[in-house]
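Data file: coords.csv. Format and content: CSV, C-alpha atoms.
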```csv
chain,number,residue,atom,x,y,z
A,1,MET,CA,113.1,117.5,89.8
A,2,GLY,CA,111.7,114.7,91.9
A,3,GLN,CA,111.3,112.5,88.8
A,4,ILE,CA,114.9,113.1,87.7
A,5,LYS,CA,116.1,112.3,91.1
A,6,PHE,CA,114.1,109.1,91.1
A,7,VAL,CA,115.3,107.9,87.7
A,8,VAL,CA,118.9,108.8,88.6
A,9,SER,CA,118.5,106.7,91.8
A,10,MET,CA,117.2,103.8,89.7
A,11,VAL,CA,120.1,104.0,87.3
A,12,MET,CA,122.6,104.1,90.2
A,13,ILE,CA,121.0,101.1,91.9
A,14,ALA,CA,121.2,99.0,88.7
A,15,LEU,CA,124.8,100.0,88.1
A,16,PHE,CA,125.8,99.3,91.7
A,17,THR,CA,124.3,95.8,91.6
A,18,PHE,CA,125.9,95.1,88.3
A,19,ALA,CA,129.3,96.3,89.7
A,20,ILE,CA,129.1,94.3,92.9
A,21,VAL,CA,128.2,91.0,91.2
A,22,GLY,CA,130.8,91.6,88.5
A,23,PHE,CA,133.4,92.2,91.1
A,24,ALA,CA,132.5,89.1,93.1
A,25,ILE,CA,132.5,86.9,90.0
A,26,ASN,CA,135.8,88.3,88.7
A,27,PHE,CA,137.5,88.0,92.1
A,28,ALA,CA,136.7,84.3,92.2
A,29,VAL,CA,137.9,83.8,88.7
A,30,ASP,CA,141.2,85.6,89.3
A,31,ASN,CA,142.0,83.8,92.5
A,32,ASN,CA,140.7,80.4,91.7
A,33,SER,CA,138.5,80.6,94.7
A,34,ALA,CA,137.2,77.4,96.3
A,35,VAL,CA,133.8,79.0,96.7
A,36,ASP,CA,132.7,80.8,93.6
A,37,ILE,CA,129.6,82.9,93.4
A,38,SER,CA,129.1,82.0,89.8
A,39,ASP,CA,128.2,78.6,91.0
A,40,ASP,CA,125.0,80.1,92.1
A,41,SER,CA,123.0,80.5,88.9
A,42,SER,CA,120.7,83.3,90.2
A,43,PHE,CA,123.5,85.8,90.4
A,44,THR,CA,124.9,85.1,86.9
A,45,ASN,CA,121.4,85.3,85.5
A,46,LEU,CA,120.9,88.6,87.2
A,47,GLN,CA,124.2,89.8,85.7
A,48,THR,CA,123.3,88.9,82.1
A,49,GLN,CA,119.8,90.2,82.4
A,50,THR,CA,120.8,93.5,83.8
A,51,ALA,CA,123.5,93.9,81.2
A,52,SER,CA,121.1,93.2,78.4
A,53,ASP,CA,118.4,95.4,79.8
A,54,ILE,CA,120.7,98.4,80.3
A,55,SER,CA,123.4,98.3,77.6
A,56,GLU,CA,123.3,95.9,74.7
A,57,ASP,CA,120.0,96.7,73.0
A,58,PHE,CA,120.6,100.4,73.7
A,59,ARG,CA,124.1,100.4,72.2
A,60,ASP,CA,123.2,98.5,69.0
A,61,GLU,CA,120.1,100.5,68.3
A,62,SER,CA,121.7,103.8,69.0
A,63,ASN,CA,124.5,102.9,66.6
A,64,LYS,CA,122.1,102.2,63.9
A,65,SER,CA,120.2,105.4,64.3
A,66,TYR,CA,123.5,107.4,64.5
A,67,GLN,CA,124.5,105.8,61.2
A,68,SER,CA,121.3,106.9,59.6
A,69,ILE,CA,122.1,110.5,60.7
A,70,LEU,CA,125.5,110.4,59.1
A,71,ASP,CA,124.5,108.9,55.8
A,72,ASN,CA,123.3,111.2,53.1
A,73,ASN,CA,121.2,108.6,51.4
A,74,VAL,CA,119.3,106.2,53.6
A,75,GLY,CA,117.8,103.5,51.5
A,76,GLU,CA,114.3,102.5,51.9
A,77,GLY,CA,113.8,100.2,54.9
A,78,SER,CA,117.5,100.1,55.7
A,79,GLN,CA,119.2,101.3,58.8
A,80,THR,CA,116.1,102.2,60.6
A,81,THR,CA,115.7,101.2,64.1
A,82,ALA,CA,114.2,97.8,64.3
A,83,LYS,CA,113.0,98.1,67.8
A,84,GLY,CA,113.4,101.7,68.8
A,85,THR,CA,114.9,100.6,72.0
A,86,GLN,CA,117.2,103.6,72.4
A,87,PHE,CA,114.1,105.6,73.1
A,88,SER,CA,112.6,103.0,75.3
A,89,ILE,CA,115.1,103.0,78.2
A,90,THR,CA,112.4,104.3,80.4
A,91,LEU,CA,111.1,103.5,83.8
A,92,GLY,CA,109.5,100.3,82.4
A,93,ASN,CA,112.9,98.7,81.7
A,94,PHE,CA,114.2,99.7,85.1
A,95,LEU,CA,111.3,98.3,86.9
A,96,GLY,CA,112.1,94.9,85.4
A,97,VAL,CA,115.7,95.3,86.5
A,98,PHE,CA,114.6,96.0,90.0
A,99,TYR,CA,112.3,93.2,90.2
A,100,ASN,CA,115.2,90.9,89.4
A,101,ILE,CA,117.5,92.7,91.8
A,102,LEU,CA,115.1,92.5,94.7
A,103,LYS,CA,114.1,89.0,94.0
A,104,ILE,CA,117.5,87.7,94.9
A,105,PRO,CA,117.6,89.0,98.5
A,106,TYR,CA,114.0,87.8,98.8
A,107,ASP,CA,115.1,84.3,97.8
A,108,LYS,CA,118.4,84.2,99.6
A,109,ILE,CA,117.5,85.9,102.9
A,110,PHE,CA,113.8,85.1,103.3
A,111,GLY,CA,113.7,81.7,101.5
A,112,GLY,CA,111.7,82.7,98.4
A,113,LYS,CA,108.2,81.5,97.6
A,114,ASP,CA,108.5,78.4,99.7
A,115,GLY,CA,109.9,80.0,102.8
A,116,GLY,CA,107.8,80.7,105.8
A,117,PHE,CA,108.1,84.5,105.3
A,118,GLY,CA,105.3,84.6,102.9
A,119,VAL,CA,102.8,85.2,105.6
A,120,PHE,CA,104.8,88.1,107.0
A,121,PHE,CA,105.1,89.8,103.6
A,122,THR,CA,101.5,89.3,102.8
A,123,ALA,CA,100.3,90.8,106.1
A,124,PHE,CA,102.7,93.7,105.8
A,125,ILE,CA,101.7,94.6,102.3
A,126,VAL,CA,98.1,94.4,103.2
A,127,LEU,CA,98.7,96.8,106.1
A,128,ILE,CA,100.6,99.2,103.9
A,129,GLY,CA,97.9,99.0,101.3
A,130,PHE,CA,95.3,99.8,103.9
A,131,ILE,CA,97.1,102.8,105.2
A,132,ALA,CA,97.7,104.1,101.7
A,133,PHE,CA,94.1,103.7,100.8
A,134,LEU,CA,92.9,105.5,103.9
A,135,TYR,CA,95.4,108.3,103.2
A,136,VAL,CA,94.3,108.8,99.6
A,137,TRP,CA,90.7,108.5,100.5
A,138,LYS,CA,90.8,111.0,103.3
A,139,THR,CA,92.7,113.5,101.1
A,140,TRP,CA,90.2,113.0,98.4
A,141,VAL,CA,87.2,113.6,100.7
A,142,GLY,CA,88.9,116.7,102.1
A,143,ARG,CA,89.6,115.6,105.6
A,144,ASN,CA,93.0,115.8,107.2
A,145,PRO,CA,94.8,112.6,106.4
A,146,ASP,CA,97.1,112.7,109.4
B,1,MET,CA,152.9,63.2,135.8
B,2,ILE,CA,149.2,63.8,135.6
B,3,PHE,CA,148.0,64.8,132.2
B,4,LEU,CA,144.7,66.7,132.1
B,5,GLN,CA,142.0,65.1,130.0
B,6,HIS,CA,140.9,67.4,127.2
B,7,LEU,CA,137.2,67.7,126.7
B,8,PHE,CA,137.6,68.3,123.0
B,9,ASN,CA,140.0,67.2,120.3
B,10,LEU,CA,142.9,69.5,119.8
B,11,PRO,CA,143.0,70.7,116.2
B,12,ASN,CA,145.7,69.3,114.0
B,13,SER,CA,148.2,72.1,113.5
B,14,THR,CA,150.6,70.2,111.1
B,15,THR,CA,149.7,72.3,108.1
B,16,GLY,CA,149.3,75.6,109.8
B,17,LEU,CA,146.8,78.2,110.9
B,18,ASP,CA,144.4,77.8,108.0
B,19,GLN,CA,143.7,74.2,108.8
B,20,ILE,CA,143.2,75.0,112.5
B,21,THR,CA,140.5,77.6,111.6
B,22,ILE,CA,138.9,75.2,109.1
B,23,GLN,CA,138.7,72.5,111.6
B,24,THR,CA,137.1,74.9,114.1
B,25,ILE,CA,134.5,75.8,111.5
B,26,ALA,CA,133.8,72.2,110.8
B,27,ALA,CA,133.2,71.7,114.5
B,28,VAL,CA,131.2,74.8,115.0
B,29,PRO,CA,129.5,75.7,111.8
B,30,GLY,CA,128.2,79.1,112.9
B,31,PHE,CA,131.7,80.5,113.5
B,32,SER,CA,132.2,81.9,110.1
B,33,THR,CA,128.7,83.5,110.0
B,34,LEU,CA,129.3,85.1,113.4
B,35,LEU,CA,132.7,86.4,112.3
B,36,LEU,CA,131.1,88.1,109.4
B,37,LEU,CA,128.3,89.5,111.5
B,38,PHE,CA,131.0,90.8,113.9
B,39,VAL,CA,132.7,92.7,111.0
B,40,PHE,CA,129.4,94.1,109.8
B,41,PHE,CA,128.1,95.3,113.2
B,42,VAL,CA,131.4,96.7,114.3
B,43,THR,CA,131.5,98.9,111.3
B,44,PHE,CA,127.8,99.7,111.3
B,45,LEU,CA,127.3,100.4,115.0
B,46,GLY,CA,130.7,102.0,115.5
B,47,GLY,CA,130.1,104.3,112.6
B,48,ILE,CA,126.6,105.3,113.8
B,49,SER,CA,127.8,106.1,117.4
B,50,ARG,CA,130.9,108.0,116.3
B,51,GLN,CA,129.1,110.0,113.6
B,52,LYS,CA,126.3,110.8,116.0
B,53,ALA,CA,128.8,112.0,118.6
B,54,ARG,CA,130.6,114.2,116.1
B,55,THR,CA,127.9,115.7,114.0
B,56,GLY,CA,124.6,115.0,115.8
B,57,THR,CA,123.0,112.8,113.1
B,58,SER,CA,124.0,109.6,111.5
B,59,ASP,CA,123.6,108.4,108.0
B,60,TYR,CA,122.3,104.9,108.4
B,61,ALA,CA,122.0,104.0,104.7
B,62,MET,CA,125.6,105.0,104.0
B,63,LEU,CA,126.9,103.2,107.0
B,64,SER,CA,125.1,100.0,106.3
B,65,THR,CA,126.5,100.1,102.7
B,66,ILE,CA,130.0,100.7,104.0
B,67,ALA,CA,129.6,97.9,106.5
B,68,SER,CA,128.2,95.5,104.0
B,69,LEU,CA,130.9,96.3,101.5
B,70,SER,CA,133.6,95.6,104.1
B,71,THR,CA,131.9,92.3,105.0
B,72,LEU,CA,131.7,91.4,101.3
B,73,MET,CA,135.5,92.0,100.9
B,74,ILE,CA,136.3,89.8,103.9
B,75,THR,CA,133.9,87.1,102.7
B,76,LEU,CA,135.4,87.1,99.2
B,77,ILE,CA,139.0,86.9,100.6
B,78,LEU,CA,138.0,84.0,102.9
B,79,SER,CA,136.1,82.2,100.2
B,80,ALA,CA,139.4,81.7,98.4
B,81,VAL,CA,140.3,78.8,100.8
B,82,ALA,CA,138.0,75.8,100.8
B,83,GLY,CA,136.1,75.3,104.0
B,84,PHE,CA,135.8,78.8,105.4
B,85,ILE,CA,132.7,80.2,103.8
B,86,ASP,CA,130.0,78.3,102.1
B,87,LEU,CA,128.1,79.4,99.0
B,88,ILE,CA,124.8,80.2,100.8
B,89,THR,CA,126.6,82.6,103.2
B,90,LEU,CA,128.3,84.3,100.2
B,91,GLY,CA,125.0,84.6,98.5
B,92,ILE,CA,123.4,86.1,101.6
B,93,VAL,CA,126.3,88.6,102.0
B,94,VAL,CA,125.9,89.7,98.4
B,95,ALA,CA,122.2,90.0,98.8
B,96,ILE,CA,122.6,92.2,101.9
B,97,THR,CA,125.0,94.4,99.9
B,98,PHE,CA,122.4,94.8,97.2
B,99,LEU,CA,119.8,95.8,99.7
B,100,SER,CA,122.1,98.3,101.3
B,101,GLY,CA,122.9,99.9,98.0
B,102,PHE,CA,119.2,100.0,97.2
B,103,TRP,CA,118.5,101.8,100.4
B,104,LEU,CA,121.5,104.2,99.9
B,105,PHE,CA,120.5,105.4,96.5
B,106,LEU,CA,116.8,105.9,97.4
B,107,ASP,CA,117.9,107.8,100.5
B,108,ARG,CA,120.0,110.5,98.9
B,109,LYS,CA,118.9,114.0,98.5
B,110,THR,CA,119.4,115.7,95.2
B,111,SER,CA,122.8,117.3,96.1
B,112,GLU,CA,124.4,114.2,97.7
B,113,VAL,CA,126.0,111.1,96.3
```

Structure translated into structure tokens:
Amino acid sequence: MGQIKFVVSMVMIALFTFAIVGFAINFAVDNNSAVDISDDSSFTNLQTQTASDISEDFRDESNKSYQSILDNNVGEGSQTTAKGTQFSITLGNFLGVFYNILKIPYDKIFGGKDGGFGVFFTAFIVLIGFIAFLYVWKTWVGRNPD
Amino acid sequence: MIFLQHLFNLPNSTTGLDQITIQTIAAVPGFSTLLLLFVFFVTFLGGISRQKARTGTSDYAMLSTIASLSTLMITLILSAVAGFIDLITLGIVVAITFLSGFWLFLDRKTSEV
């Protein structure tokens, strides 16, 4: 049950991000806004990447495999799934989507690779890694990890 | 008659209230950012305190999402007029909305939203 909940959360996060960026872009288009978020290329890139990751390959490939179910005679080599992507919408795809989604706040708020926050994140991640390692090791050795 | 010397230039109100605000923002660039922070924190902190008073616990992830969506709406509406909001601020508001949504959906139990 935990894994289903996790995957559902991932799908909801991707859809939420897509909806927010789409809303902001279309609002600016409808109102001829002076400041348009589509001027910032990182958001439009996120939008197209998320769309292609979640929907387009999936839709085309699942149409092709559905067609092969309906037809009585499937010719050799025709209408088979070229990439099999309808079966590959797994955690791997979503991790790519999340990397893109989280990269944007990292760039905007913390200044990205060249910002001064790199030290903060590195130290924080090392600390979390250390705590995780100790936790796992103590559990493995049989001691109380708390 | 003695006229008081003003220490600042009065804004030009010929074209209306929009221009007064835009000139204020040009003089004090942090004004629009602080206005948006005000909107965010009123919703966030107000929601936390009232929910805690009523039910005993407060749902931080949901309230931060609600607050960031309200701030996003106000930012989008203000961005229609040139001079209120700049692109960097708009990008940061959208990024904070993403982070709140990320937190919200990872924070839910199985039976909730």

Dump as JSON lines the rows for residues of region 8-78 of chain B within 12 Å of region 19-32 of chain A: closest atom pair and distance in Å with one decimal, all atoms listed in the file counted, ordered by chain and rising residue number.
```
{"residue": "B:Thr65", "atom": "CA", "partner": "A:Ile20", "partner_atom": "CA", "distance": 11.7}
{"residue": "B:Ser68", "atom": "CA", "partner": "A:Ile20", "partner_atom": "CA", "distance": 11.2}
{"residue": "B:Leu69", "atom": "CA", "partner": "A:Ile20", "partner_atom": "CA", "distance": 9.0}
{"residue": "B:Leu72", "atom": "CA", "partner": "A:Ala24", "partner_atom": "CA", "distance": 8.6}
{"residue": "B:Met73", "atom": "CA", "partner": "A:Ala24", "partner_atom": "CA", "distance": 8.8}
{"residue": "B:Ile74", "atom": "CA", "partner": "A:Ala24", "partner_atom": "CA", "distance": 11.5}
{"residue": "B:Thr75", "atom": "CA", "partner": "A:Ala24", "partner_atom": "CA", "distance": 9.9}
{"residue": "B:Leu76", "atom": "CA", "partner": "A:Ala24", "partner_atom": "CA", "distance": 7.0}
{"residue": "B:Ile77", "atom": "CA", "partner": "A:Phe27", "partner_atom": "CA", "distance": 8.7}
{"residue": "B:Leu78", "atom": "CA", "partner": "A:Ala28", "partner_atom": "CA", "distance": 10.8}
```

* Pull out every residue of chain A sitting within 12 Å of chain B, counting all atoms listed in the file, and send them as a PyMOL selection string. => chain A and resi 1-44+46+98-111

Deliver the residues from the most recent selection as a file, using C-alpha atoms, as a PDB file, in the frame of the given file.
```
ATOM      1  CA  MET A   1     113.100 117.500  89.800  1.00  0.00           C
ATOM      2  CA  GLY A   2     111.700 114.700  91.900  1.00  0.00           C
ATOM      3  CA  GLN A   3     111.300 112.500  88.800  1.00  0.00           C
ATOM      4  CA  ILE A   4     114.900 113.100  87.700  1.00  0.00           C
ATOM      5  CA  LYS A   5     116.100 112.300  91.100  1.00  0.00           C
ATOM      6  CA  PHE A   6     114.100 109.100  91.100  1.00  0.00           C
ATOM      7  CA  VAL A   7     115.300 107.900  87.700  1.00  0.00           C
ATOM      8  CA  VAL A   8     118.900 108.800  88.600  1.00  0.00           C
ATOM      9  CA  SER A   9     118.500 106.700  91.800  1.00  0.00           C
ATOM     10  CA  MET A  10     117.200 103.800  89.700  1.00  0.00           C
ATOM     11  CA  VAL A  11     120.100 104.000  87.300  1.00  0.00           C
ATOM     12  CA  MET A  12     122.600 104.100  90.200  1.00  0.00           C
ATOM     13  CA  ILE A  13     121.000 101.100  91.900  1.00  0.00           C
ATOM     14  CA  ALA A  14     121.200  99.000  88.700  1.00  0.00           C
ATOM     15  CA  LEU A  15     124.800 100.000  88.100  1.00  0.00           C
ATOM     16  CA  PHE A  16     125.800  99.300  91.700  1.00  0.00           C
ATOM     17  CA  THR A  17     124.300  95.800  91.600  1.00  0.00           C
ATOM     18  CA  PHE A  18     125.900  95.100  88.300  1.00  0.00           C
ATOM     19  CA  ALA A  19     129.300  96.300  89.700  1.00  0.00           C
ATOM     20  CA  ILE A  20     129.100  94.300  92.900  1.00  0.00           C
ATOM     21  CA  VAL A  21     128.200  91.000  91.200  1.00  0.00           C
ATOM     22  CA  GLY A  22     130.800  91.600  88.500  1.00  0.00           C
ATOM     23  CA  PHE A  23     133.400  92.200  91.100  1.00  0.00           C
ATOM     24  CA  ALA A  24     132.500  89.100  93.100  1.00  0.00           C
ATOM     25  CA  ILE A  25     132.500  86.900  90.000  1.00  0.00           C
ATOM     26  CA  ASN A  26     135.800  88.300  88.700  1.00  0.00           C
ATOM     27  CA  PHE A  27     137.500  88.000  92.100  1.00  0.00           C
ATOM     28  CA  ALA A  28     136.700  84.300  92.200  1.00  0.00           C
ATOM     29  CA  VAL A  29     137.900  83.800  88.700  1.00  0.00           C
ATOM     30  CA  ASP A  30     141.200  85.600  89.300  1.00  0.00           C
ATOM     31  CA  ASN A  31     142.000  83.800  92.500  1.00  0.00           C
ATOM     32  CA  ASN A  32     140.700  80.400  91.700  1.00  0.00           C
ATOM     33  CA  SER A  33     138.500  80.600  94.700  1.00  0.00           C
ATOM     34  CA  ALA A  34     137.200  77.400  96.300  1.00  0.00           C
ATOM     35  CA  VAL A  35     133.800  79.000  96.700  1.00  0.00           C
ATOM     36  CA  ASP A  36     132.700  80.800  93.600  1.00  0.00           C
ATOM     37  CA  ILE A  37     129.600  82.900  93.400  1.00  0.00           C
ATOM     38  CA  SER A  38     129.100  82.000  89.800  1.00  0.00           C
ATOM     39  CA  ASP A  39     128.200  78.600  91.000  1.00  0.00           C
ATOM     40  CA  ASP A  40     125.000  80.100  92.100  1.00  0.00           C
ATOM     41  CA  SER A  41     123.000  80.500  88.900  1.00  0.00           C
ATOM     42  CA  SER A  42     120.700  83.300  90.200  1.00  0.00           C
ATOM     43  CA  PHE A  43     123.500  85.800  90.400  1.00  0.00           C
ATOM     44  CA  THR A  44     124.900  85.100  86.900  1.00  0.00           C
ATOM     45  CA  LEU A  46     120.900  88.600  87.200  1.00  0.00           C
ATOM     46  CA  PHE A  98     114.600  96.000  90.000  1.00  0.00           C
ATOM     47  CA  TYR A  99     112.300  93.200  90.200  1.00  0.00           C
ATOM     48  CA  ASN A 100     115.200  90.900  89.400  1.00  0.00           C
ATOM     49  CA  ILE A 101     117.500  92.700  91.800  1.00  0.00           C
ATOM     50  CA  LEU A 102     115.100  92.500  94.700  1.00  0.00           C
ATOM     51  CA  LYS A 103     114.100  89.000  94.000  1.00  0.00           C
ATOM     52  CA  ILE A 104     117.500  87.700  94.900  1.00  0.00           C
ATOM     53  CA  PRO A 105     117.600  89.000  98.500  1.00  0.00           C
ATOM     54  CA  TYR A 106     114.000  87.800  98.800  1.00  0.00           C
ATOM     55  CA  ASP A 107     115.100  84.300  97.800  1.00  0.00           C
ATOM     56  CA  LYS A 108     118.400  84.200  99.600  1.00  0.00           C
ATOM     57  CA  ILE A 109     117.500  85.900 102.900  1.00  0.00           C
ATOM     58  CA  PHE A 110     113.800  85.100 103.300  1.00  0.00           C
ATOM     59  CA  GLY A 111     113.700  81.700 101.500  1.00  0.00           C
TER      60      GLY A 111
END
```

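With CA of Ala53 (chain B) on one side and CA of Phe40 (chain B) on the other, the separation reads 20.0 Å.
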
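With distances taken over all atoms listed in the file, B:Ser64 is the one residue among B:Ser64, B:Gln5, B:Ser58, B:Thr15 lying closest to Phe41 (chain B).
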